[in-house]
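Peer 1: Mind looking over this structure? Questions follow.
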Amino acid sequence: MRSIRRGLFAGLLAGLILALLYFVDYGPGANLHTAAKWFALDSRGAGGLIGFVLLIVLGGLFGVAFGVFQRGREVTLGRAMVSGLILGVVWLVILVFLLGSLVGHVSLGLYGLLLFIATSLLYGLVVGMVYFQSTVRRAK
Amino acid sequence: MSVFSSAHRQKRSASTVSTDSAATTAPITLSERSSMGLALIRIFVGYLWLQQLSWKLPPDFKGLHSYVVREGLYTIVPGYSYVIQHIFLPNFIILGACVWTAELLASLCLIFGIFTRFGALLTVLLATQLYLGLAFAPGEWYWTYGMLILLGLVLASVPAGRRLGFDQFIAPRLQARARSNRFVRVLSWLA
């Protein structure tokens, strides 16, 4: 249960960071709207807010999955990092490529592709690192 | 987390404290929260640089061209205008590719906290070039580029990649091997 709670916390935090990054984005992706498009929830007025909330909720869900996967395993920095990056790749494939590009027909272009690869991997890295950091007993 | 980048400096500091306490100050240690805060700032600054790739995309790097022309007109460095007009602009595609690659590299270093100091120094270099070329052009607020330089310098001065970044994994391993290998020592300084 503790690993799931840690995963949830790490996922929510990483989702919030991602949502804030997309909030300050003014590139051609208009990324909060793009996130809303993954679930066909985009609209001109509320699409940005929906995308913001969606990223945090999805971040938490993926974080829980990360926590479930880590349950009963020894947590080392290297392992947390690698499994976090794998989580980032899963995020990229499911949300950006499957739901976004294949189902939602969201075209990315070179910059969009670069941005979503970088931010998806960042999400995974942050989940892994925060999860690891929450298990570390701090030296006094 | 200590702000000292190497064990050597820590040792030197400790020995100095024991021998001459009146002439020294206490070493500064970053708390976990401060380190996390720095990591977040690093990620956002990296994202800032990543975003700037969006309007000068390859293969023609079109968005960059007008800025290079403006630099040629309003640079504050004597002779730099000649370099821009006779070397950079005739070879614009090569210049664009170099700038784009450098900005991509710097942004990835900062976002992922991998060789963070290298990434930060690269942003200082890029921002300094912008300052010299564009800061005093009409319509520009010169502190924009000044702040970009300062942001880069801050991230180069502190170990910003040691939390939420690959440097947390890489830096201690490089430091452990730094004594026996000069190349690793340089790499260790850049992480």
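Ordered as shown in the structure tokens, chains take letters A, B, and onward, while each chain numbers its residues from 1 and ligands are numbered from 1 in the order shown.
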Could you find all residues in stretch 62-140 of chain A that DSSP calls helix (DSSP H, G or I) from the backbone, and write them as a PyMOL selection string?
Peer 2: chain A and resi 62-70+77-103+109-135
Peer 1: Quick one: residues within 9 Å of A:Arg6, only C-alpha atoms, excluding same-chain residues fewer than 3 positions away - as a ChimeraX atom specification?
Peer 2: /A:1-3,9-11,63-64,67,130-131,134-135
Peer 1: Set out as JSON lines a contact list for chain A and chain B with a cut-off of 6 Å, giving each residue of chain A that qualifies its closest atom pair and distance in Å to one decimal, counting only C-alpha atoms, ordered by chain and rising residue number.
Peer 2:
{"residue": "A:Tyr111", "atom": "CA", "partner": "B:Ser54", "partner_atom": "CA", "distance": 5.7}
{"residue": "A:Val126", "atom": "CA", "partner": "B:Leu164", "partner_atom": "CA", "distance": 5.6}
{"residue": "A:Met129", "atom": "CA", "partner": "B:Leu164", "partner_atom": "CA", "distance": 5.6}
Peer 1: I want to know what sits within 12 Å of A:Gly45, based on only C-alpha atoms, with residues of the same chain fewer than 5 positions away left out; could you give that as an mmCIF file with C-alpha atoms, in the first residue's frame?
Peer 2:
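The resulting out_39.cif:
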data_model
loop_
_atom_site.group_PDB
_atom_site.id
_atom_site.type_symbol
_atom_site.label_atom_id
_atom_site.label_comp_id
_atom_site.auth_asym_id
_atom_site.auth_seq_id
_atom_site.Cartn_x
_atom_site.Cartn_y
_atom_site.Cartn_z
ATOM 1 C CA LEU A 32 -3.032 21.895 -22.839
ATOM 2 C CA HIS A 33 -5.562 21.774 -25.676
ATOM 3 C CA ALA A 36 -7.663 17.591 -23.934
ATOM 4 C CA ILE A 50 -9.632 20.408 -18.990
ATOM 5 C CA GLY A 51 -6.158 19.595 -20.317
#
Peer 1: Tell me, in Å to one decimal, how far atom CA of B:Ala178 is from atom CA of B:Arg117.
Peer 2: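 Atom-to-atom, atom CA of B:Ala178 and atom CA of B:Arg117 are spaced 16.4 Å apart.
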Peer 1: Show which residues sit within 6 Å of stretch 77-93 of chain A, as a ChimeraX atom specification. Count only C-alpha atoms, and ignore same-chain residues fewer than 6 positions away.
Peer 2: /A:120-121,123-125,127-128
Peer 1: Compare A:Lys37, A:Leu108, A:Ala46, A:Leu61 by their minimum atom-to-atom distance to A:Gly15, counting only C-alpha atoms, and give me the closest one.
Peer 2: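 Comparing A:Lys37, A:Leu108, A:Ala46, A:Leu61 against A:Gly15, the winner is A:Leu61.
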Peer 1: Fewer than 3 positions away in the same chain doesn't count, so skip those; otherwise give me all residues within 12 Å of A:Val53, counting only C-alpha atoms, as a list of chain:residue names.
Peer 2: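 Counting only C-alpha atoms, the residues come to A:Leu12, A:Gly15, A:Leu16, A:Ile17, A:Leu18, A:Ala19, A:Leu20, A:Tyr22, A:Phe23, A:Leu32, A:His33, A:Ala35, A:Ala36, A:Leu41, A:Ala46, A:Gly47, A:Gly48, A:Leu49, A:Ile50, A:Ile56, A:Val57, A:Leu58, A:Gly59, A:Gly60.
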Peer 1: Take the residues just selected and output them with C-alpha atoms as a compact mmCIF listing (two decimals), in the first residue's frame.
Peer 2:
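Output contents, as saved in selection_0.txt:
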# COMPACT_ATOMS: atom_id res chain seq x y z
CA LEU A 12 0.58 13.71 -9.18
CA GLY A 15 1.63 15.47 -13.73
CA LEU A 16 1.46 18.92 -12.13
CA ILE A 17 4.93 19.80 -13.47
CA LEU A 18 3.87 18.66 -16.94
CA ALA A 19 0.63 20.66 -16.73
CA LEU A 20 2.56 23.78 -15.69
CA TYR A 22 2.24 22.98 -21.04
CA PHE A 23 0.54 26.00 -19.46
CA LEU A 32 -3.03 21.89 -22.84
CA HIS A 33 -5.56 21.77 -25.68
CA ALA A 35 -3.89 16.98 -23.95
CA ALA A 36 -7.66 17.59 -23.93
CA LEU A 41 -12.61 16.87 -24.59
CA ALA A 46 -12.52 25.24 -21.35
CA GLY A 47 -10.10 23.03 -23.31
CA GLY A 48 -7.03 24.45 -21.59
CA LEU A 49 -8.42 23.92 -18.10
CA ILE A 50 -9.63 20.41 -18.99
CA ILE A 56 -2.64 15.86 -13.22
CA VAL A 57 -5.25 13.05 -13.01
CA LEU A 58 -3.48 10.96 -15.65
CA GLY A 59 -0.18 11.66 -13.89
CA GLY A 60 -1.64 10.28 -10.67
Peer 1: Find the distance between atom CA of B:Leu125 and atom CA of B:His86 and write it in Å to one decimal.
Peer 2: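 These atoms are spaced 21.7 Å apart.
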Peer 1: Write out as a list in words the residues lying within 7 Å of stretch 67-73 of chain B, counting only C-alpha atoms and excluding same-chain residues fewer than 3 positions away.
Peer 2: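 Once the nearby chain positions are removed, what remains is Leu64, Ser81, Ile84, Gln85, Gly133 and Leu134 of chain B.
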Peer 1: For the selection just defined, write its residues with N, CA and C atoms to a file, as a PDB file, in the first residue's frame.
Peer 2:
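Result file follows (selection.pdb):
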ATOM      1  N   LEU B  64      14.868  32.316 -37.872  1.00  0.00           N
ATOM      2  CA  LEU B  64      16.125  32.846 -37.325  1.00  0.00           C
ATOM      3  C   LEU B  64      16.710  33.951 -38.213  1.00  0.00           C
ATOM      4  N   SER B  81      29.421  43.144 -36.954  1.00  0.00           N
ATOM      5  CA  SER B  81      28.496  43.358 -38.057  1.00  0.00           C
ATOM      6  C   SER B  81      29.091  42.816 -39.366  1.00  0.00           C
ATOM      7  N   ILE B  84      28.901  39.042 -39.359  1.00  0.00           N
ATOM      8  CA  ILE B  84      27.536  38.566 -39.630  1.00  0.00           C
ATOM      9  C   ILE B  84      27.207  38.682 -41.116  1.00  0.00           C
ATOM     10  N   GLN B  85      27.556  39.831 -41.691  1.00  0.00           N
ATOM     11  CA  GLN B  85      27.161  40.060 -43.078  1.00  0.00           C
ATOM     12  C   GLN B  85      27.999  39.285 -44.093  1.00  0.00           C
ATOM     13  N   GLY B 133      24.366  41.111 -29.807  1.00  0.00           N
ATOM     14  CA  GLY B 133      23.791  41.412 -31.106  1.00  0.00           C
ATOM     15  C   GLY B 133      22.472  42.159 -31.047  1.00  0.00           C
ATOM     16  N   LEU B 134      21.629  41.815 -30.098  1.00  0.00           N
ATOM     17  CA  LEU B 134      20.243  42.295 -30.160  1.00  0.00           C
ATOM     18  C   LEU B 134      19.800  43.207 -29.019  1.00  0.00           C
TER      19      LEU B 134
END
Peer 1: Find the residue from A:Phe69, A:Phe39, A:Phe52, A:Phe132 that sits nearest to A:Val106; use only C-alpha atoms when measuring.
Peer 2: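 Nearest to A:Val106: A:Phe39.
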Peer 1: Excluding B:Ile114 and its own-chain neighbours fewer than 3 positions away, which residues fall within 7 Å of it when counting only C-alpha atoms? Please give them as a list in words.
Peer 2: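 Here the answer would be Cys109, Leu110, Gly161, Gly165, Phe166, Asp167 and Ala191 of chain B.
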Peer 1: Could you save those same residues with N, CA and C atoms as a compact mmCIF listing (two decimals), in the first residue's frame?
Peer 2:
# COMPACT_ATOMS: atom_id res chain seq x y z
N CYS B 109 19.90 19.10 -21.87
CA CYS B 109 20.77 19.01 -20.69
C CYS B 109 20.03 19.56 -19.46
N LEU B 110 19.35 20.68 -19.64
CA LEU B 110 18.68 21.31 -18.49
C LEU B 110 17.40 20.57 -18.12
N GLY B 161 21.35 19.78 -11.21
CA GLY B 161 20.91 18.51 -11.80
C GLY B 161 20.92 17.34 -10.82
N GLY B 165 17.13 14.74 -11.84
CA GLY B 165 17.97 14.76 -13.03
C GLY B 165 18.95 13.60 -13.03
N PHE B 166 19.47 13.30 -14.22
CA PHE B 166 20.42 12.18 -14.35
C PHE B 166 21.71 12.43 -13.58
N ASP B 167 22.04 13.71 -13.35
CA ASP B 167 23.28 14.01 -12.63
C ASP B 167 23.31 13.41 -11.24
N ALA B 191 29.02 17.99 -14.82
CA ALA B 191 27.77 17.33 -14.38
C ALA B 191 27.19 18.01 -13.15
Peer 1: Which is closer to B:Ser157 than all the others in B:Leu105, B:Leu121, B:Glu140, B:Val186, using only C-alpha atoms?
Peer 2: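 Looking at the shortest contact to B:Ser157, the residue is B:Leu121.
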Peer 1: If you measure from atom CA of A:Leu114 to atom CA of A:Leu21, what distance in Å do you get, rounded to one decimal?
Peer 2: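 Spanning atom CA of A:Leu114 to atom CA of A:Leu21 is a straight-line distance of 14.4 Å.
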